[in-house]
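This is input-v7.cif (mmCIF, C-alpha atoms).
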data_my_file
#
loop_
_atom_site.label_atom_id
_atom_site.label_comp_id
_atom_site.auth_asym_id
_atom_site.auth_seq_id
_atom_site.Cartn_x
_atom_site.Cartn_y
_atom_site.Cartn_z
CA MET A 1 -14.92 20.40 -10.65
CA SER A 2 -12.97 23.63 -10.62
CA THR A 3 -9.18 23.55 -10.73
CA SER A 4 -8.70 27.21 -9.90
CA THR A 5 -6.23 28.04 -7.15
CA THR A 6 -8.58 30.73 -5.89
CA ALA A 7 -10.81 29.20 -3.24
CA PRO A 8 -14.54 29.76 -3.76
CA THR A 9 -16.45 31.45 -0.97
CA ASP A 10 -18.84 28.53 -0.33
CA VAL A 11 -16.34 25.72 0.27
CA THR A 12 -16.51 23.55 3.37
CA PRO A 13 -14.08 24.01 6.27
CA GLU A 14 -12.53 20.67 5.32
CA ALA A 15 -11.93 21.80 1.74
CA THR A 16 -10.42 25.06 2.98
CA ALA A 17 -8.07 23.17 5.30
CA VAL A 18 -6.98 20.89 2.47
CA ARG A 19 -6.34 23.76 0.06
CA GLU A 20 -4.31 25.67 2.66
CA ALA A 21 -2.23 22.57 3.39
CA ALA A 22 -1.69 22.04 -0.33
CA GLN A 23 -0.59 25.66 -0.77
CA ARG A 24 1.93 25.33 2.06
CA ALA A 25 3.28 22.12 0.54
CA ALA A 26 3.51 23.71 -2.90
CA ALA A 27 5.49 26.61 -1.44
CA ALA A 28 7.87 24.12 0.23
CA ALA A 29 8.30 21.85 -2.80
CA PRO A 30 11.11 23.84 -4.49
CA GLY A 31 13.07 23.68 -1.25
CA VAL A 32 12.72 19.90 -1.13
CA ARG A 33 14.07 19.60 -4.67
CA ALA A 34 16.90 22.02 -3.96
CA ALA A 35 17.92 20.26 -0.74
CA GLY A 36 19.14 17.25 -2.70
CA GLY A 37 19.52 13.59 -1.92
CA PRO A 38 22.12 13.72 0.86
CA ALA A 39 19.99 16.15 2.92
CA ILE A 40 16.83 14.08 2.44
CA ASP A 41 18.61 10.87 3.39
CA ALA A 42 20.12 12.53 6.45
CA ALA A 43 16.67 13.74 7.50
CA LEU A 44 15.29 10.21 7.15
CA ARG A 45 18.06 8.86 9.39
CA THR A 46 17.35 11.57 11.95
CA ALA A 47 13.65 10.72 11.82
CA ALA A 48 14.55 7.09 12.56
CA GLY A 49 16.47 8.23 15.64
CA LEU A 50 13.57 10.41 16.79
CA LEU A 51 11.16 7.48 16.48
CA ARG A 52 13.30 5.66 19.00
CA GLU A 53 14.06 8.63 21.26
CA ARG A 54 10.46 9.85 21.47
CA SER A 55 8.75 6.46 21.53
CA ASP A 56 7.10 7.10 24.90
CA ASP A 57 5.34 10.23 23.63
CA LEU A 58 4.37 8.54 20.36
CA LEU A 59 2.98 5.48 22.12
CA ALA A 60 1.02 7.69 24.53
CA ALA A 61 -0.60 9.55 21.64
CA ASN A 62 -1.42 6.27 19.96
CA ALA A 63 -2.84 4.76 23.16
CA ALA A 64 -5.28 7.67 23.36
CA ASP A 65 -6.36 7.00 19.76
CA VAL A 66 -6.81 3.29 20.46
CA GLU A 67 -8.87 3.89 23.61
CA ALA A 68 -11.13 6.32 21.79
CA ALA A 69 -11.55 3.84 18.94
CA LYS A 70 -12.49 1.08 21.38
CA ARG A 71 -15.13 3.31 22.94
CA ASN A 72 -16.51 3.97 19.47
CA GLY A 73 -16.79 0.24 18.76
CA MET A 74 -13.96 -0.20 16.26
CA ALA A 75 -13.58 -3.83 15.15
CA GLN A 76 -10.55 -5.86 16.20
CA GLY A 77 -9.06 -6.01 12.71
CA LEU A 78 -9.09 -2.23 12.41
CA LEU A 79 -7.76 -1.82 15.94
CA ASP A 80 -4.82 -4.00 14.93
CA ARG A 81 -4.05 -1.58 12.10
CA LEU A 82 -4.39 1.43 14.40
CA ARG A 83 -2.25 0.17 17.26
CA LEU A 84 1.44 1.05 17.55
CA SER A 85 3.85 -0.88 19.74
CA PRO A 86 7.54 -0.58 20.57
CA GLU A 87 8.18 -3.30 17.99
CA ARG A 88 6.24 -1.49 15.27
CA LEU A 89 8.02 1.78 16.01
CA ALA A 90 11.33 -0.05 15.80
CA ASP A 91 10.32 -1.52 12.44
CA MET A 92 9.33 1.95 11.19
CA ALA A 93 12.73 3.31 12.22
CA THR A 94 14.56 0.46 10.51
CA GLN A 95 12.62 1.00 7.30
CA LEU A 96 13.52 4.68 7.31
CA GLU A 97 17.19 3.80 7.62
CA VAL A 98 16.92 1.23 4.84
CA LEU A 99 15.27 3.83 2.61
CA ALA A 100 17.95 6.40 3.41
CA ASP A 101 20.67 3.89 2.54
CA THR A 102 19.04 2.82 -0.73
CA PRO A 103 21.06 4.03 -3.72
CA GLU A 104 18.89 6.02 -6.07
CA PRO A 105 18.63 5.06 -9.73
CA PRO A 106 20.43 7.44 -12.09
CA LEU A 107 18.70 10.76 -12.54
CA GLN A 108 19.22 10.48 -16.27
CA ARG A 109 19.84 7.64 -18.71
CA GLU A 110 20.78 7.72 -22.36
CA VAL A 111 18.12 6.30 -24.66
CA ARG A 112 19.62 6.56 -28.15
CA THR A 113 21.43 8.75 -30.64
CA LEU A 114 19.31 10.07 -33.49
CA PRO A 115 20.45 9.56 -37.11
CA THR A 116 21.21 13.28 -37.17
CA GLY A 117 23.54 12.95 -34.17
CA GLU A 118 21.41 14.44 -31.37
CA ARG A 119 21.45 12.45 -28.13
CA VAL A 120 18.18 11.45 -26.44
CA PHE A 121 18.07 11.07 -22.65
CA GLU A 122 15.31 10.12 -20.25
CA ARG A 123 15.27 12.00 -16.96
CA ARG A 124 13.32 11.66 -13.71
CA VAL A 125 11.83 14.90 -12.39
CA PRO A 126 9.80 15.46 -9.20
CA VAL A 127 6.01 15.70 -9.29
CA GLY A 128 6.11 18.68 -6.92
CA VAL A 129 3.32 17.88 -4.44
CA ILE A 130 1.89 14.40 -3.88
CA GLY A 131 -1.21 13.78 -1.82
CA ALA A 132 -2.16 10.68 0.11
CA VAL A 133 -5.43 9.50 1.59
CA PHE A 134 -5.12 6.53 3.90
CA GLU A 135 -7.00 4.69 6.58
CA ALA A 136 -6.34 4.79 10.31
CA ARG A 137 -2.85 3.28 10.18
CA PRO A 138 -0.30 5.56 11.87
CA ASN A 139 2.73 3.84 10.32
CA VAL A 140 1.50 4.84 6.86
CA THR A 141 2.08 8.47 7.84
CA VAL A 142 5.81 7.81 7.97
CA ASP A 143 5.85 5.35 5.05
CA VAL A 144 4.21 7.75 2.63
CA ALA A 145 5.98 10.88 3.82
CA SER A 146 9.40 9.23 3.52
CA GLN A 147 8.69 7.88 0.03
CA VAL A 148 7.43 11.24 -1.22
CA LEU A 149 10.44 13.06 0.23
CA LYS A 150 12.84 10.52 -1.31
CA ALA A 151 11.13 11.30 -4.64
CA ARG A 152 11.97 15.02 -4.03
CA SER A 153 8.36 16.14 -3.62
CA ALA A 154 6.30 17.60 -0.80
CA ALA A 155 3.37 15.71 0.72
CA VAL A 156 -0.19 16.43 1.82
CA LEU A 157 -1.46 13.62 4.04
CA ARG A 158 -5.04 12.94 5.07
CA THR A 159 -5.64 10.07 7.49
CA GLY A 160 -8.73 8.65 9.16
CA SER A 161 -10.07 10.37 12.24
CA ALA A 162 -9.17 7.47 14.52
CA ALA A 163 -5.45 7.90 13.82
CA LEU A 164 -5.27 11.68 13.68
CA GLY A 165 -3.67 12.06 17.12
CA SER A 166 -0.99 9.48 16.32
CA ALA A 167 -0.31 10.96 12.88
CA THR A 168 -0.05 14.46 14.34
CA ALA A 169 2.51 13.28 16.89
CA LEU A 170 4.54 11.56 14.18
CA VAL A 171 4.63 14.68 12.02
CA GLU A 172 5.28 17.16 14.83
CA LEU A 173 7.70 15.09 16.93
CA VAL A 174 9.54 13.16 14.23
CA ILE A 175 9.18 14.29 10.62
CA ALA A 176 9.16 18.09 10.94
CA PRO A 177 12.13 18.39 13.32
CA ALA A 178 14.13 15.90 11.24
CA LEU A 179 13.57 17.98 8.11
CA ALA A 180 14.42 21.24 9.86
CA ARG A 181 17.65 19.82 11.23
CA HIS A 182 18.96 19.21 7.71
CA GLY A 183 17.76 22.31 5.90
CA VAL A 184 14.66 20.80 4.30
CA PRO A 185 11.48 22.91 4.69
CA GLU A 186 9.40 21.68 7.63
CA ALA A 187 6.27 22.49 5.65
CA ALA A 188 7.20 19.82 3.11
CA VAL A 189 4.97 17.33 4.93
CA GLN A 190 1.49 18.63 5.63
CA LEU A 191 -1.10 16.72 7.64
CA VAL A 192 -4.70 17.75 7.01
CA PRO A 193 -6.01 18.56 10.51
CA THR A 194 -9.67 17.83 9.75
CA PRO A 195 -10.75 14.22 9.09
CA GLY A 196 -13.82 13.31 7.13
CA HIS A 197 -14.75 12.38 3.59
CA ALA A 198 -15.08 16.01 2.53
CA GLY A 199 -11.36 16.54 3.06
CA ALA A 200 -10.46 13.43 1.08
CA GLU A 201 -12.72 14.50 -1.76
CA ALA A 202 -11.17 17.97 -1.73
CA LEU A 203 -7.65 16.54 -1.95
CA VAL A 204 -8.35 14.64 -5.19
CA GLY A 205 -9.92 17.78 -6.67
CA LEU A 206 -6.86 20.06 -6.72
CA PRO A 207 -4.81 18.99 -9.77
CA ASP A 208 -3.25 22.42 -10.02
CA LEU A 209 -1.72 22.03 -6.57
CA VAL A 210 -1.67 18.26 -6.00
CA PRO A 211 -1.51 16.51 -9.39
CA LEU A 212 -0.95 13.02 -7.97
CA VAL A 213 -2.80 11.44 -5.04
CA VAL A 214 -2.19 7.98 -3.59
CA VAL A 215 -5.43 6.61 -2.17
CA ARG A 216 -5.17 3.74 0.30
CA GLY A 217 -8.09 2.00 1.87
CA SER A 218 -10.69 -0.26 0.40
CA GLY A 219 -14.21 -0.36 -0.88
CA GLU A 220 -16.64 2.11 -2.32
CA VAL A 221 -15.09 5.21 -0.73
CA THR A 222 -11.77 4.62 -2.47
CA ARG A 223 -13.45 3.90 -5.79
CA LYS A 224 -15.45 7.10 -5.41
CA LEU A 225 -12.29 9.10 -4.79
CA SER A 226 -10.73 7.60 -7.92
CA THR A 227 -13.75 8.66 -9.95
CA LEU A 228 -13.72 12.18 -8.52
CA GLY A 229 -10.01 12.50 -9.15
CA ALA A 230 -10.36 11.37 -12.76
CA ALA A 231 -13.14 13.92 -13.31
CA ALA A 232 -10.97 16.69 -11.87
CA GLY A 233 -7.88 15.72 -13.84
CA THR A 234 -5.93 14.35 -10.85
CA ARG A 235 -3.88 11.18 -11.31
CA VAL A 236 -5.00 8.77 -8.60
CA LEU A 237 -3.06 5.67 -7.63
CA ALA A 238 -5.75 3.75 -5.81
CA HIS A 239 -5.54 0.74 -3.55
CA ALA A 240 -9.25 0.01 -3.40
CA ASP A 241 -9.51 -3.74 -2.84
CA GLY A 242 -7.37 -6.57 -1.60
CA GLY A 243 -7.69 -10.20 -0.64
CA GLY A 244 -5.09 -12.91 -1.19
CA VAL A 245 -5.92 -16.19 -2.94
CA LEU A 246 -4.38 -19.61 -2.20
CA TYR A 247 -4.86 -22.44 -4.70
CA LEU A 248 -4.16 -25.98 -3.48
CA ASP A 249 -3.25 -28.09 -6.49
CA ALA A 250 -3.75 -31.84 -6.49
CA SER A 251 0.04 -32.16 -6.27
CA SER A 252 0.23 -30.13 -3.03
CA ASP A 253 2.38 -31.39 -0.20
CA GLU A 254 0.35 -31.43 3.00
CA ALA A 255 3.11 -29.76 5.02
CA ASP A 256 3.15 -26.92 2.48
CA VAL A 257 -0.63 -26.57 2.80
CA THR A 258 -0.36 -26.18 6.56
CA ARG A 259 2.52 -23.71 6.28
CA LEU A 260 0.89 -21.52 3.65
CA VAL A 261 -2.49 -21.35 5.38
CA THR A 262 -0.79 -20.53 8.68
CA ASP A 263 1.62 -17.96 7.27
CA SER A 264 -1.12 -16.27 5.24
CA THR A 265 -3.36 -15.65 8.24
CA ASP A 266 -0.98 -14.17 10.80
CA ARG A 267 -2.90 -10.86 10.55
CA LEU A 268 -6.53 -10.64 9.48
CA GLY A 269 -6.89 -6.88 9.05
CA VAL A 270 -4.50 -6.53 6.12
CA CYS A 271 -5.17 -6.66 2.39
CA ASN A 272 -2.70 -9.41 1.46
CA ARG A 273 -3.95 -12.05 3.93
CA LEU A 274 -5.56 -15.30 2.80
CA ASN A 275 -9.09 -14.44 1.78
CA LEU A 276 -10.12 -17.07 -0.79
CA LEU A 277 -8.98 -20.70 -0.61
CA LEU A 278 -9.37 -22.66 -3.85
CA ILE A 279 -8.90 -26.43 -3.85
CA ASP A 280 -8.42 -28.74 -6.83
CA ARG A 281 -11.59 -30.82 -7.00
CA PRO A 282 -9.97 -34.29 -7.28
CA ALA A 283 -7.85 -33.62 -4.18
CA TYR A 284 -10.49 -31.87 -2.08
CA ASP A 285 -11.14 -34.78 0.29
CA ARG A 286 -7.40 -35.09 1.02
CA LEU A 287 -6.42 -31.43 1.22
CA TRP A 288 -9.41 -29.73 2.82
CA PRO A 289 -9.02 -31.47 6.22
CA VAL A 290 -5.38 -30.30 6.30
CA ALA A 291 -6.34 -26.70 5.52
CA GLU A 292 -9.28 -26.88 7.91
CA ARG A 293 -7.01 -27.84 10.81
CA ALA A 294 -4.66 -24.98 10.03
CA LEU A 295 -7.57 -22.51 9.93
CA ALA A 296 -8.90 -23.90 13.20
CA GLU A 297 -5.50 -23.33 14.82
CA ARG A 298 -5.87 -19.66 13.83
CA ARG A 299 -9.51 -19.67 15.05
CA ILE A 300 -10.72 -18.84 11.56
CA THR A 301 -14.15 -19.93 10.36
CA PRO A 302 -14.39 -21.27 6.80
CA SER A 303 -17.18 -20.00 4.56
CA LEU A 304 -18.17 -23.14 2.66
CA PRO A 305 -20.50 -23.62 -0.34
CA PRO A 306 -23.19 -22.69 -1.00
CA HIS A 307 -22.02 -19.13 -0.41
CA ASP A 308 -24.40 -16.28 0.35
CA HIS A 309 -21.74 -13.78 -0.79
CA ARG A 310 -19.49 -13.39 -3.79
CA LEU A 311 -16.35 -15.52 -3.73
CA GLY A 312 -14.07 -12.51 -3.48
CA HIS A 313 -15.84 -10.93 -0.49
CA GLU A 314 -13.02 -9.24 1.43
CA TRP A 315 -13.24 -10.43 5.01
CA ALA A 316 -10.55 -8.02 6.23
CA LEU A 317 -13.07 -5.19 5.73
CA ASP A 318 -16.04 -7.00 7.27
CA SER A 319 -16.05 -5.59 10.79
CA GLY A 320 -16.61 -8.33 13.32
CA ALA A 321 -16.30 -11.09 10.70
CA GLU A 322 -12.63 -10.74 9.81
CA ALA A 323 -11.86 -14.26 11.05
CA HIS A 324 -13.30 -15.94 7.95
CA VAL A 325 -11.87 -17.47 4.77
CA THR A 326 -13.97 -18.41 1.75
CA VAL A 327 -13.44 -21.94 0.43
CA ALA A 328 -14.36 -23.23 -3.04
CA GLN A 329 -13.46 -26.07 -5.42
CA VAL A 330 -11.97 -25.55 -8.88
CA ASP A 331 -10.99 -27.70 -11.83
CA GLY A 332 -7.24 -27.45 -12.07
CA PRO A 333 -4.68 -24.64 -12.15
CA VAL A 334 -6.07 -22.67 -15.11
CA ASP A 335 -9.58 -22.63 -13.67
CA ALA A 336 -8.09 -21.59 -10.32
CA ALA A 337 -6.12 -18.72 -11.85
CA THR A 338 -9.03 -17.40 -13.90
CA THR A 339 -11.36 -17.71 -10.90
CA ALA A 340 -8.89 -15.79 -8.72
CA ALA A 341 -8.57 -13.01 -11.31
CA ARG A 342 -12.31 -12.85 -11.98
CA GLU A 343 -13.60 -12.98 -8.42
CA THR A 344 -11.05 -10.80 -6.61
CA SER A 345 -9.24 -7.51 -7.11
CA GLY A 346 -6.24 -9.29 -8.56
CA LEU A 347 -3.98 -8.31 -5.69
CA ALA A 348 -2.09 -11.57 -5.22
CA ALA A 349 -2.46 -15.32 -5.57
CA THR A 350 -0.39 -18.32 -4.51
CA VAL A 351 -0.24 -21.78 -6.07
CA CYS A 352 0.65 -24.61 -3.72
CA ALA A 353 2.05 -27.45 -5.83
CA THR A 354 4.92 -29.90 -6.21
CA ASP A 355 4.16 -30.31 -9.92
CA GLU A 356 6.10 -27.64 -11.81
CA ALA A 357 3.82 -27.90 -14.85
CA ALA A 358 0.76 -27.18 -12.70
CA ALA A 359 2.49 -24.26 -11.01
CA THR A 360 3.60 -22.82 -14.35
CA ALA A 361 0.09 -23.16 -15.78
CA PHE A 362 -1.32 -21.22 -12.82
CA ILE A 363 1.35 -18.51 -13.05
CA ASP A 364 0.86 -18.09 -16.80
CA ALA A 365 -2.94 -17.85 -16.49
CA TYR A 366 -3.10 -15.45 -13.53
CA THR A 367 -3.22 -11.78 -14.55
CA GLY A 368 -3.14 -10.15 -11.10
CA THR A 369 -0.48 -7.98 -9.52
CA GLY A 370 1.54 -10.66 -7.72
CA VAL A 371 1.72 -14.42 -8.19
CA PHE A 372 3.63 -16.81 -5.93
CA TRP A 373 4.58 -20.49 -5.96
CA ASN A 374 4.66 -22.10 -2.52
CA ALA A 375 5.09 -18.67 -0.90
CA THR A 376 2.50 -16.66 1.01
CA THR A 377 0.66 -13.71 -0.50
CA ARG A 378 1.68 -11.78 2.63
CA LEU A 379 4.92 -11.14 0.75
CA LEU A 380 3.11 -8.70 -1.54
CA ASP A 381 4.35 -5.72 0.45
CA GLY A 382 6.88 -3.10 -0.56
CA TYR A 383 9.26 -3.75 2.31
CA LYS A 384 9.06 -7.55 2.17
CA LEU A 385 9.20 -7.77 -1.62
CA LEU A 386 11.42 -4.85 -2.63
CA GLY A 387 13.22 -3.91 0.59
CA LEU A 388 11.53 -0.49 0.60
CA PRO A 389 8.53 1.00 2.38
CA GLU A 390 5.57 1.54 0.07
CA THR A 391 2.99 4.25 -0.47
CA GLY A 392 0.42 1.60 -1.34
CA ILE A 393 -0.29 -1.28 -3.71
CA ASN A 394 -1.72 -0.40 -7.10
CA VAL A 395 -3.83 -3.09 -8.79
CA ASP A 396 -4.70 -1.18 -11.95
CA HIS A 397 -5.22 -3.24 -15.08
CA THR A 398 -3.71 -0.51 -17.23
CA PRO A 399 -0.09 0.54 -17.88
CA GLY A 400 1.58 2.39 -15.03
CA PRO A 401 3.08 1.56 -11.63
CA ARG A 402 1.58 -1.73 -10.45
CA GLY A 403 2.04 -3.68 -7.26
CA PRO A 404 3.88 -2.04 -4.34
CA VAL A 405 4.45 1.61 -5.27
CA THR A 406 7.73 3.07 -3.98
CA TYR A 407 9.53 6.39 -4.44
CA VAL A 408 10.92 5.29 -7.81
CA ASP A 409 7.35 5.29 -9.17
CA LEU A 410 6.61 8.79 -7.85
CA SER A 411 8.50 10.73 -10.50
CA LEU A 412 7.70 12.15 -13.90
CA ARG A 413 9.43 11.05 -17.09
CA GLN A 414 11.07 13.85 -19.06
CA PHE A 415 12.90 13.55 -22.37
CA VAL A 416 16.01 15.63 -22.96
CA VAL A 417 17.59 16.04 -26.39
CA LEU A 418 21.17 17.33 -26.49
CA PRO A 419 23.37 18.32 -29.41
CA PRO A 420 25.73 15.73 -30.96
CA ALA A 421 28.67 14.83 -28.77
#
Take the structure in this file and express it as structure tokens.
Amino acid sequence: MSTSTTAPTDVTPEATAVREAAQRAAAAAPGVRAAGGPAIDAALRTAAGLLRERSDDLLAANAADVEAAKRNGMAQGLLDRLRLSPERLADMATQLEVLADTPEPPLQREVRTLPTGERVFERRVPVGVIGAVFEARPNVTVDVASQVLKARSAAVLRTGSAALGSATALVELVIAPALARHGVPEAAVQLVPTPGHAGAEALVGLPDLVPLVVVRGSGEVTRKLSTLGAAAGTRVLAHADGGGVLYLDASSDEADVTRLVTDSTDRLGVCNRLNLLLIDRPAYDRLWPVAERALAERRITPSLPPHDHRLGHEWALDSGAEAHVTVAQVDGPVDAATTAARETSGLAATVCATDEAAATAFIDAYTGTGVFWNATTRLLDGYKLLGLPETGINVDHTPGPRGPVTYVDLSLRQFVVLPPA
């Protein structure tokens, strides 16, 4: 895949739109870096105010997206992700204010002094332009844009077609005017105006303009984008698969079982919901009826053995069948942890136990991104876990940012060597 900044004559309209957006963002990036932290934080606070002041217009744009999605047969779980409400707008505004008030880590830290006296420092420098591909979730438009700006870079955003009207309203009515008010280039946040897979594929193929792309979503499309990005030389932080696991140990308290099942299924269209329920074999007859009642209260159907699907099948992505949880028996905490890591993406797993030794064995054996003891996997979220909005959740099994990715992870490491003091 070519990395030239000169567009070929036979590219698709989507690819042309992406390249033009990337070029505008690249031109704005130096202005973002020059504006500095106080200006960026002030713009984020102004954006929070505009979310509240212009909520009627934003909700109207979103209502049009939702109605169109309903006519096109979108499943309930996906509609839940698409829909904005006054409460969700208020949460978005609060998160912007929290981000603006978050003290930044030092720009530079001293590493060591060499035997010859020179001083070694490690410094954070902006990426320049960061891309993002995400599903039809309007709030992600603001989450990602704010994180990228806080990291002193410009953004190129590509969302699903169902949310394009909502995302456009958020950029034009909230983000752009907030930036302009505080001397930050309005062009620093670009929204690709043409949906479709061709645009997403084009975005991960421009390492000269957009060297880092955060890819949110799930399934084969996201994995394909990761592969295309790797072939082009683009660093892709991909959130391809989710699915939370809950292991009920033989030592589980029944009240904890009810609480964890209930708390883990408050929303079915999200990646960190309860997806796979594992029960310690000796305690199955005692604990399964408790879990079954909690699932029934949520109107969730259990998928019991023998399964006609893999254990880690992600119900949140199964349109029309989101209200399912897979149930299986395991032989103790180590078997549960290895099963969770083997059968799922490794996003998050919870052990329900009163026995500390059993909980520790599960925690030590689980290799996924987040592991919890008597706490719901729904906590694996940047805002809930770290107090910051996130760009996505990275479940890579290689070194690099893992778990909820925030602005701190969206910088480059630079070494600086200075003369002896």
Exercise for the section: Take the PyMOL selection byres ((chain A and resi 99) around 9), apply it to the structure above, and return the hits as a count of residues only. Expected result: 18
Practice task
Between atom CA of His239 of chain A and atom CA of Asn394 of chain A, measure the distance and give it in Å to one decimal.
Solution key: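 These atoms are spaced 5.3 Å apart.
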Practice task
Work out how far atom CA of Phe415 of chain A is from atom CA of Thr369 of chain A, in Å to one decimal.
Solution key: 28.4 Å
Practice task
Within 7 Å of segment 75-90 of chain A, counting only C-alpha atoms, which residues show up once you throw out same-chain ones fewer than 6 positions away? Write them as a ChimeraX atom specification, please.
Solution key: /A:51-52,59,62,66,136-138,163,268-269,316,319-320,322
Handout entry: Selection dump of the PyMOL selection byres ((chain A and resi 215) around 6), as a PyMOL selection string
Key = chain A and resi 132-133+214+216+238
Practice task
Report as a list in words the residues that result from applying the PyMOL selection byres ((chain A and resi 26) around 10) to the structure here.
Solution key: Glu20, Ala21, Ala22, Gln23, Arg24, Ala25, Ala27, Ala28, Ala29, Pro30, Gly31, Gly128, Val129, Ile130, Ser153, Ala154, Ala155, Val156, Ala187, Ala188, Asp208, Leu209 and Val210 of chain A
Exercise for the section: Report the distance between atom CA of Ala230 of chain A and atom CA of Val270 of chain A in Å, rounded to one decimal place. Expected result: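 Atom CA of Ala230 of chain A sits 26.7 Å away from atom CA of Val270 of chain A.
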12 Å contact set for Leu114 of chain A, all atoms listed in the file, chain neighbours under 6 positions out, as a PDB file with C-alpha atoms, keeping the file's coordinate frame:
ATOM      1  CA  VAL A 120      18.180  11.450 -26.440  1.00  0.00           C
ATOM      2  CA  PHE A 121      18.070  11.070 -22.650  1.00  0.00           C
ATOM      3  CA  VAL A 417      17.590  16.040 -26.390  1.00  0.00           C
ATOM      4  CA  LEU A 418      21.170  17.330 -26.490  1.00  0.00           C
ATOM      5  CA  PRO A 419      23.370  18.320 -29.410  1.00  0.00           C
ATOM      6  CA  PRO A 420      25.730  15.730 -30.960  1.00  0.00           C
ATOM      7  CA  ALA A 421      28.670  14.830 -28.770  1.00  0.00           C
TER       8      ALA A 421
END
Handout entry: Within 7 Å of Gly346 of chain A using only C-alpha atoms, minus same-chain residues under 4 positions, as a list in words
Key =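 Counting only C-alpha atoms, the residues come to Ala341, Gly368, Thr369 and Val395 of chain A.
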Practice task
Fewer than 6 positions away in the same chain doesn't count, so skip those; otherwise give me all residues within 10 Å of Leu295 of chain A, counting all atoms listed in the file, as a PyMOL selection string.
Solution key: chain A and resi 258+261-262+265+289+301-302+323-325
Handout entry: Test item: residues at most 7 Å from Gly243 of chain A, all atoms listed in the file, excluding those fewer than 3 positions along its chain, as a list in words
Key = Cys271, Asn272, Arg273, Leu274, Asn275, Glu314, Thr344 and Leu347 of chain A
Which centre and which edge lengths, in Å to one decimal, describe the axis-aligned box that holds all listed atoms of segment 124-130 of chain A after 3 Å is added on each side, as AutoDock Vina command-line options?
--center_x 7.6 --center_y 15.2 --center_z -8.8 --size_x 17.4 --size_y 13.0 --size_z 15.8
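Candidate residues A:Val111, A:Met92, A:His182, A:Leu246 were compared for distance to Ala42 of chain A, and the nearest is A:His182, using all atoms listed in the file.
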Problem - Given all atoms listed in the file as the counted atoms, nearest of A:Glu122, A:Glu172, A:Glu53, A:Glu67 to Thr141 of chain A - result: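 Closest residue, counting all atoms listed in the file: A:Glu172.
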Fill in the blank from the handout: Of A:Arg19, A:Ile300, A:Asp256, A:His397, the one nearest to Ala321 of chain A when counting only C-alpha atoms is A:Ile300
Exercise for the section: Just give me the residues with any atom within 10 Å of (4.7, 16.1, 11.9), file coordinates, counting all atoms listed in the file, written as a PyMOL selection string. Expected result: chain A and resi 141-142+145+166-179+186-191
